[in-house]
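Structure, as structure tokens:
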Amino acid sequence: MRPTFEGRARRAIAALGAVSAVTAIVVLPGTARSDGGGGAPTATAARVADIAPGPARLNVMAGARAHVTGRVNPAAAGVRAALQRQTGRGWHTIDRATTDAGGAFRFAFRPGRPGSAPLRVSVGDARRAVGRLNVYRHAMVSWYGPGLYGQRLSCGGRLTPRTLGVAHKTLPCGTKVTLRKGGRIVRVRVVDRGPFVGGREFDLTSATRHRLGFGGVGTLLVAA
């Protein structure tokens with residue numbers, strides 16, 4: 001006996017209902033579902049509202065170990081975090097970490113070349129600055145000023161007792177250089193050409209010398 005029109009219609013409606021039921025229990029990517037349907041989001045689906053930086057070691061010699069720590073809020077395990085360094089071409093990842101059960105992360109890395117650049121931690125859509133990484137090397141320096149005040153600087157302007165900066169033979173004018181002596185750190189620009197005495201790499205202006213508490217001629221830590 002051939003099925004009636006009404007019978008075929010009822011079977012089609014029943015089939016459509018079954019498809020709808022299957023669609024209703026599809027688990028979306030990035031979520032977890034227990035047998036009872038009340039599962040919590042997995043780590044890959046965690047939404048980080050904030051990044052709290054912790055202790056960091058950012059002033060190091062080239063080749064020495066630096067580190068950055070912190071945690072994500074709300075706390076979640078298995079969240080992937082990236083440590084990024086800013087360059088003239090944007091932000092670049094230099095290390096990666098995964099949070100522990102309390103949401104804490106730790107980056108440990110060895111910068112190979114001297115230089116100075118801002119760092120940030122990136123987790124999903126959240127970003128947080130963590131400070132400036134200064135990677136130092138030793139450089140022989142001297143200073144100048146008295147008897148030359150009022151003279152033109154090679155990079156523009158005139159030298160005064162308040163001029164902050166350094167002289168260098170080849171670094172482009174305006175290049176920022178980080179100098180350290182003990183616990184004192186200054187970041188100044190190249191403002192002049194020199195020194196013209198063999199064996200010396202930088203000449204500090206008088207104001208820069210005073211900021212550092214530097215003597216006459218000697219070695220400083222330089223990140224440039």
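Every chain in the structure tokens has a letter given in the order shown (A, B, ...), and although residue numbers restart at 1 in each chain, ligands are simply numbered from 1 in the order shown.
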
Exercise for the section: Find the spatial neighbours of Met61 of chain A, counting only C-alpha atoms, within a cut-off of 9 Å - ignore same-chain residues fewer than 3 positions away - and output them as a ChimeraX atom specification. Expected result: /A:64-65,111-114,134-138,221

Give me, as a compact mmCIF listing (two decimals) with N, CA and C atoms, in the first residue's frame, all polymer residues having an atom no more than 7 Å from segment 177-181 of chain A, counting only C-alpha atoms and skipping those fewer than 3 positions away in the same chain.
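Contents of selection.txt, freshly written:
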```
# COMPACT_ATOMS: atom_id res chain seq x y z
N ARG A 184 72.65 54.20 38.78
CA ARG A 184 72.16 55.35 38.01
C ARG A 184 72.06 54.99 36.51
N ILE A 185 70.93 55.31 35.94
CA ILE A 185 70.69 55.04 34.53
C ILE A 185 70.15 56.30 33.87
N VAL A 186 70.72 56.70 32.75
CA VAL A 186 70.19 57.82 31.97
C VAL A 186 70.04 57.38 30.53
N ARG A 187 69.06 57.95 29.87
CA ARG A 187 68.83 57.66 28.46
C ARG A 187 68.83 58.98 27.72
N VAL A 188 69.82 59.17 26.85
CA VAL A 188 70.02 60.45 26.17
C VAL A 188 70.24 60.22 24.68
N ARG A 189 70.26 61.30 23.94
CA ARG A 189 70.43 61.23 22.48
C ARG A 189 71.86 61.57 22.06
N LEU A 212 74.99 60.92 35.98
CA LEU A 212 75.51 59.59 36.26
C LEU A 212 76.46 59.55 37.45
N LEU A 220 81.85 52.71 31.21
CA LEU A 220 80.45 52.70 31.59
C LEU A 220 79.74 51.54 30.90
N LEU A 221 78.58 51.18 31.42
CA LEU A 221 77.73 50.22 30.74
C LEU A 221 76.86 50.99 29.74
N VAL A 222 76.82 50.50 28.51
CA VAL A 222 76.08 51.19 27.44
C VAL A 222 75.15 50.19 26.75
N ALA A 223 73.92 50.64 26.54
CA ALA A 223 72.95 49.87 25.75
C ALA A 223 72.57 50.73 24.57
N ALA A 224 73.05 50.37 23.39
CA ALA A 224 72.80 51.17 22.20
C ALA A 224 72.80 50.29 20.97
```

Exercise for the section: Run DSSP on the backbone of this structure and report the residues of segment 39-172 of chain A it assigns to strand (DSSP E), as a ChimeraX atom specification. Expected result: /A:50-57,59-61,66-73,80-87,90-98,104-109,115-123,126-144,166-167

I'd like the neighbourhood of segment 81-94 of chain A as a PDB file with N, CA, C and O atoms, in the first residue's frame, where a residue qualifies if any of its atoms comes within 7 Å (using only C-alpha atoms), though same-chain residues fewer than 6 positions away should be ignored.
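Resulting contents of around.pdb:
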```pdb
ATOM      1  N   ALA A 117      64.996  48.411  24.491  1.00  0.00           N
ATOM      2  CA  ALA A 117      63.690  48.400  23.835  1.00  0.00           C
ATOM      3  C   ALA A 117      62.592  48.115  24.853  1.00  0.00           C
ATOM      4  O   ALA A 117      62.808  47.374  25.815  1.00  0.00           O
ATOM      5  N   PRO A 118      61.395  48.677  24.639  1.00  0.00           N
ATOM      6  CA  PRO A 118      60.253  48.373  25.513  1.00  0.00           C
ATOM      7  C   PRO A 118      59.805  46.921  25.329  1.00  0.00           C
ATOM      8  O   PRO A 118      59.913  46.356  24.238  1.00  0.00           O
ATOM      9  N   LEU A 119      59.292  46.343  26.409  1.00  0.00           N
ATOM     10  CA  LEU A 119      58.716  45.001  26.378  1.00  0.00           C
ATOM     11  C   LEU A 119      57.251  45.063  26.782  1.00  0.00           C
ATOM     12  O   LEU A 119      56.840  45.932  27.547  1.00  0.00           O
ATOM     13  N   ARG A 120      56.467  44.111  26.283  1.00  0.00           N
ATOM     14  CA  ARG A 120      55.089  43.959  26.717  1.00  0.00           C
ATOM     15  C   ARG A 120      54.738  42.478  26.715  1.00  0.00           C
ATOM     16  O   ARG A 120      55.380  41.672  26.054  1.00  0.00           O
ATOM     17  N   VAL A 121      53.704  42.142  27.501  1.00  0.00           N
ATOM     18  CA  VAL A 121      53.158  40.793  27.505  1.00  0.00           C
ATOM     19  C   VAL A 121      51.840  40.832  26.753  1.00  0.00           C
ATOM     20  O   VAL A 121      51.010  41.724  26.961  1.00  0.00           O
ATOM     21  N   SER A 122      51.654  39.863  25.873  1.00  0.00           N
ATOM     22  CA  SER A 122      50.432  39.762  25.076  1.00  0.00           C
ATOM     23  C   SER A 122      49.756  38.422  25.375  1.00  0.00           C
ATOM     24  O   SER A 122      50.385  37.370  25.272  1.00  0.00           O
ATOM     25  N   VAL A 123      48.482  38.495  25.767  1.00  0.00           N
ATOM     26  CA  VAL A 123      47.676  37.300  26.004  1.00  0.00           C
ATOM     27  C   VAL A 123      46.328  37.520  25.336  1.00  0.00           C
ATOM     28  O   VAL A 123      45.527  38.336  25.801  1.00  0.00           O
TER      29      VAL A 123
END
```

Exercise for the section: Write down as a PyMOL selection string the residues of segment 33-218 of chain A whose backbone DSSP state falls under helix (DSSP H, G or I). Expected result: chain A and resi 43-45+206-212

Keeping only all heavy atoms, write the selected residues as a PDB file, in the first residue's frame.
```pdb
ATOM      1  N   ALA A  43      41.129  26.032  28.703  1.00  0.00           N
ATOM      2  CA  ALA A  43      42.119  27.106  28.727  1.00  0.00           C
ATOM      3  C   ALA A  43      42.133  27.882  27.419  1.00  0.00           C
ATOM      4  O   ALA A  43      42.346  29.092  27.405  1.00  0.00           O
ATOM      5  CB  ALA A  43      43.505  26.516  29.004  1.00  0.00           C
ATOM      6  N   THR A  44      41.909  27.201  26.300  1.00  0.00           N
ATOM      7  CA  THR A  44      41.984  27.895  25.022  1.00  0.00           C
ATOM      8  C   THR A  44      40.856  28.898  24.856  1.00  0.00           C
ATOM      9  O   THR A  44      40.928  29.785  24.022  1.00  0.00           O
ATOM     10  CB  THR A  44      41.929  26.886  23.863  1.00  0.00           C
ATOM     11  OG1 THR A  44      40.738  26.098  23.985  1.00  0.00           O
ATOM     12  CG2 THR A  44      43.139  25.967  23.890  1.00  0.00           C
ATOM     13  N   ALA A  45      39.780  28.736  25.672  1.00  0.00           N
ATOM     14  CA  ALA A  45      38.661  29.653  25.556  1.00  0.00           C
ATOM     15  C   ALA A  45      38.680  30.719  26.643  1.00  0.00           C
ATOM     16  O   ALA A  45      37.782  31.535  26.717  1.00  0.00           O
ATOM     17  CB  ALA A  45      37.340  28.877  25.617  1.00  0.00           C
ATOM     18  N   SER A 206      78.568  67.578  29.950  1.00  0.00           N
ATOM     19  CA  SER A 206      78.744  67.810  31.381  1.00  0.00           C
ATOM     20  C   SER A 206      77.478  67.453  32.164  1.00  0.00           C
ATOM     21  O   SER A 206      77.546  66.836  33.238  1.00  0.00           O
ATOM     22  CB  SER A 206      79.112  69.277  31.623  1.00  0.00           C
ATOM     23  OG  SER A 206      79.280  69.528  33.001  1.00  0.00           O
ATOM     24  N   ALA A 207      76.309  67.826  31.635  1.00  0.00           N
ATOM     25  CA  ALA A 207      75.057  67.539  32.336  1.00  0.00           C
ATOM     26  C   ALA A 207      74.823  66.033  32.437  1.00  0.00           C
ATOM     27  O   ALA A 207      74.350  65.532  33.469  1.00  0.00           O
ATOM     28  CB  ALA A 207      73.887  68.203  31.615  1.00  0.00           C
ATOM     29  N   THR A 208      75.166  65.279  31.397  1.00  0.00           N
ATOM     30  CA  THR A 208      75.011  63.827  31.432  1.00  0.00           C
ATOM     31  C   THR A 208      75.968  63.215  32.446  1.00  0.00           C
ATOM     32  O   THR A 208      75.611  62.304  33.204  1.00  0.00           O
ATOM     33  CB  THR A 208      75.283  63.231  30.037  1.00  0.00           C
ATOM     34  OG1 THR A 208      74.415  63.855  29.088  1.00  0.00           O
ATOM     35  CG2 THR A 208      75.056  61.738  30.027  1.00  0.00           C
ATOM     36  N   ARG A 209      77.175  63.724  32.462  1.00  0.00           N
ATOM     37  CA  ARG A 209      78.171  63.239  33.419  1.00  0.00           C
ATOM     38  C   ARG A 209      77.674  63.414  34.856  1.00  0.00           C
ATOM     39  O   ARG A 209      77.790  62.489  35.678  1.00  0.00           O
ATOM     40  CB  ARG A 209      79.461  64.019  33.213  1.00  0.00           C
ATOM     41  CG  ARG A 209      80.517  63.753  34.268  1.00  0.00           C
ATOM     42  CD  ARG A 209      81.509  64.895  34.325  1.00  0.00           C
ATOM     43  NE  ARG A 209      82.465  64.701  35.393  1.00  0.00           N
ATOM     44  CZ  ARG A 209      83.105  65.685  36.013  1.00  0.00           C
ATOM     45  NH1 ARG A 209      82.851  66.947  35.669  1.00  0.00           N
ATOM     46  NH2 ARG A 209      83.979  65.434  36.945  1.00  0.00           N
ATOM     47  N   HIS A 210      77.088  64.569  35.151  1.00  0.00           N
ATOM     48  CA  HIS A 210      76.595  64.821  36.513  1.00  0.00           C
ATOM     49  C   HIS A 210      75.424  63.901  36.855  1.00  0.00           C
ATOM     50  O   HIS A 210      75.305  63.439  37.995  1.00  0.00           O
ATOM     51  CB  HIS A 210      76.200  66.285  36.667  1.00  0.00           C
ATOM     52  CG  HIS A 210      77.369  67.210  36.803  1.00  0.00           C
ATOM     53  ND1 HIS A 210      78.291  67.118  37.825  1.00  0.00           N
ATOM     54  CD2 HIS A 210      77.785  68.262  36.033  1.00  0.00           C
ATOM     55  CE1 HIS A 210      79.213  68.056  37.691  1.00  0.00           C
ATOM     56  NE2 HIS A 210      78.928  68.768  36.602  1.00  0.00           N
ATOM     57  N   ARG A 211      74.556  63.641  35.906  1.00  0.00           N
ATOM     58  CA  ARG A 211      73.420  62.747  36.156  1.00  0.00           C
ATOM     59  C   ARG A 211      73.889  61.351  36.569  1.00  0.00           C
ATOM     60  O   ARG A 211      73.269  60.687  37.386  1.00  0.00           O
ATOM     61  CB  ARG A 211      72.551  62.635  34.898  1.00  0.00           C
ATOM     62  CG  ARG A 211      71.729  63.868  34.574  1.00  0.00           C
ATOM     63  CD  ARG A 211      70.438  63.900  35.374  1.00  0.00           C
ATOM     64  NE  ARG A 211      69.607  65.038  34.997  1.00  0.00           N
ATOM     65  CZ  ARG A 211      68.638  64.982  34.102  1.00  0.00           C
ATOM     66  NH1 ARG A 211      68.362  63.835  33.481  1.00  0.00           N
ATOM     67  NH2 ARG A 211      67.914  66.055  33.818  1.00  0.00           N
ATOM     68  N   LEU A 212      74.987  60.925  35.975  1.00  0.00           N
ATOM     69  CA  LEU A 212      75.508  59.586  36.260  1.00  0.00           C
ATOM     70  C   LEU A 212      76.457  59.550  37.453  1.00  0.00           C
ATOM     71  O   LEU A 212      76.767  58.475  37.970  1.00  0.00           O
ATOM     72  CB  LEU A 212      76.243  59.040  35.036  1.00  0.00           C
ATOM     73  CG  LEU A 212      75.370  58.597  33.862  1.00  0.00           C
ATOM     74  CD1 LEU A 212      76.248  58.357  32.632  1.00  0.00           C
ATOM     75  CD2 LEU A 212      74.608  57.332  34.210  1.00  0.00           C
TER      76      LEU A 212
END
```

Completion exercise
One residue among A:Thr205, A:Val190, A:Ala76, A:Asp125 is nearest to Pro161 of chain A when using only C-alpha atoms, and that residue is A:Thr205

Practice task
Grab the atom CA of Arg158 of chain A to atom CA of Val191 of chain A distance for me, in Å with one decimal place.
Solution key: 9.6 Å

Practice task
Determine the nearest neighbour of Ile51 of chain A from the options A:Arg200, A:Arg128, A:Arg80, A:Arg96, counting only C-alpha atoms.
Solution key: A:Arg128

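In terms of minimum interatomic distance to Lys169 of chain A, A:Val197 ranks closest within A:Val197, A:Tyr144, A:Gly150, A:Gly70, counting only C-alpha atoms.
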
Handout entry: atom CA of Arg127 of chain A to atom CA of Gly103 of chain A, straight-line distance in Å
Key =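 Separating atom CA of Gly103 of chain A from atom CA of Arg127 of chain A is a distance of 15.5 Å.
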
Exercise for the section: Would you mind listing what lies within 8 Å of Ala126 of chain A as a PyMOL selection string, with only C-alpha atoms counted and same-chain residues fewer than 5 positions away left out? Expected result: chain A and resi 48-51

Exercise for the section: Mind giving me the straight-line distance from atom CA of Thr170 of chain A to atom CA of Gly199 of chain A in Å, one decimal? Expected result: 14.7 Å

Problem - Exercise: Ala66 of chain A partners within 8 Å, only C-alpha atoms, chain neighbours under 5 positions left out, as a list in words - result: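 Counting only C-alpha atoms, the residues come to Ala56, Arg57, Leu58, Asn59, Val60, Ala108, Phe109, Arg110 and Pro111 of chain A.
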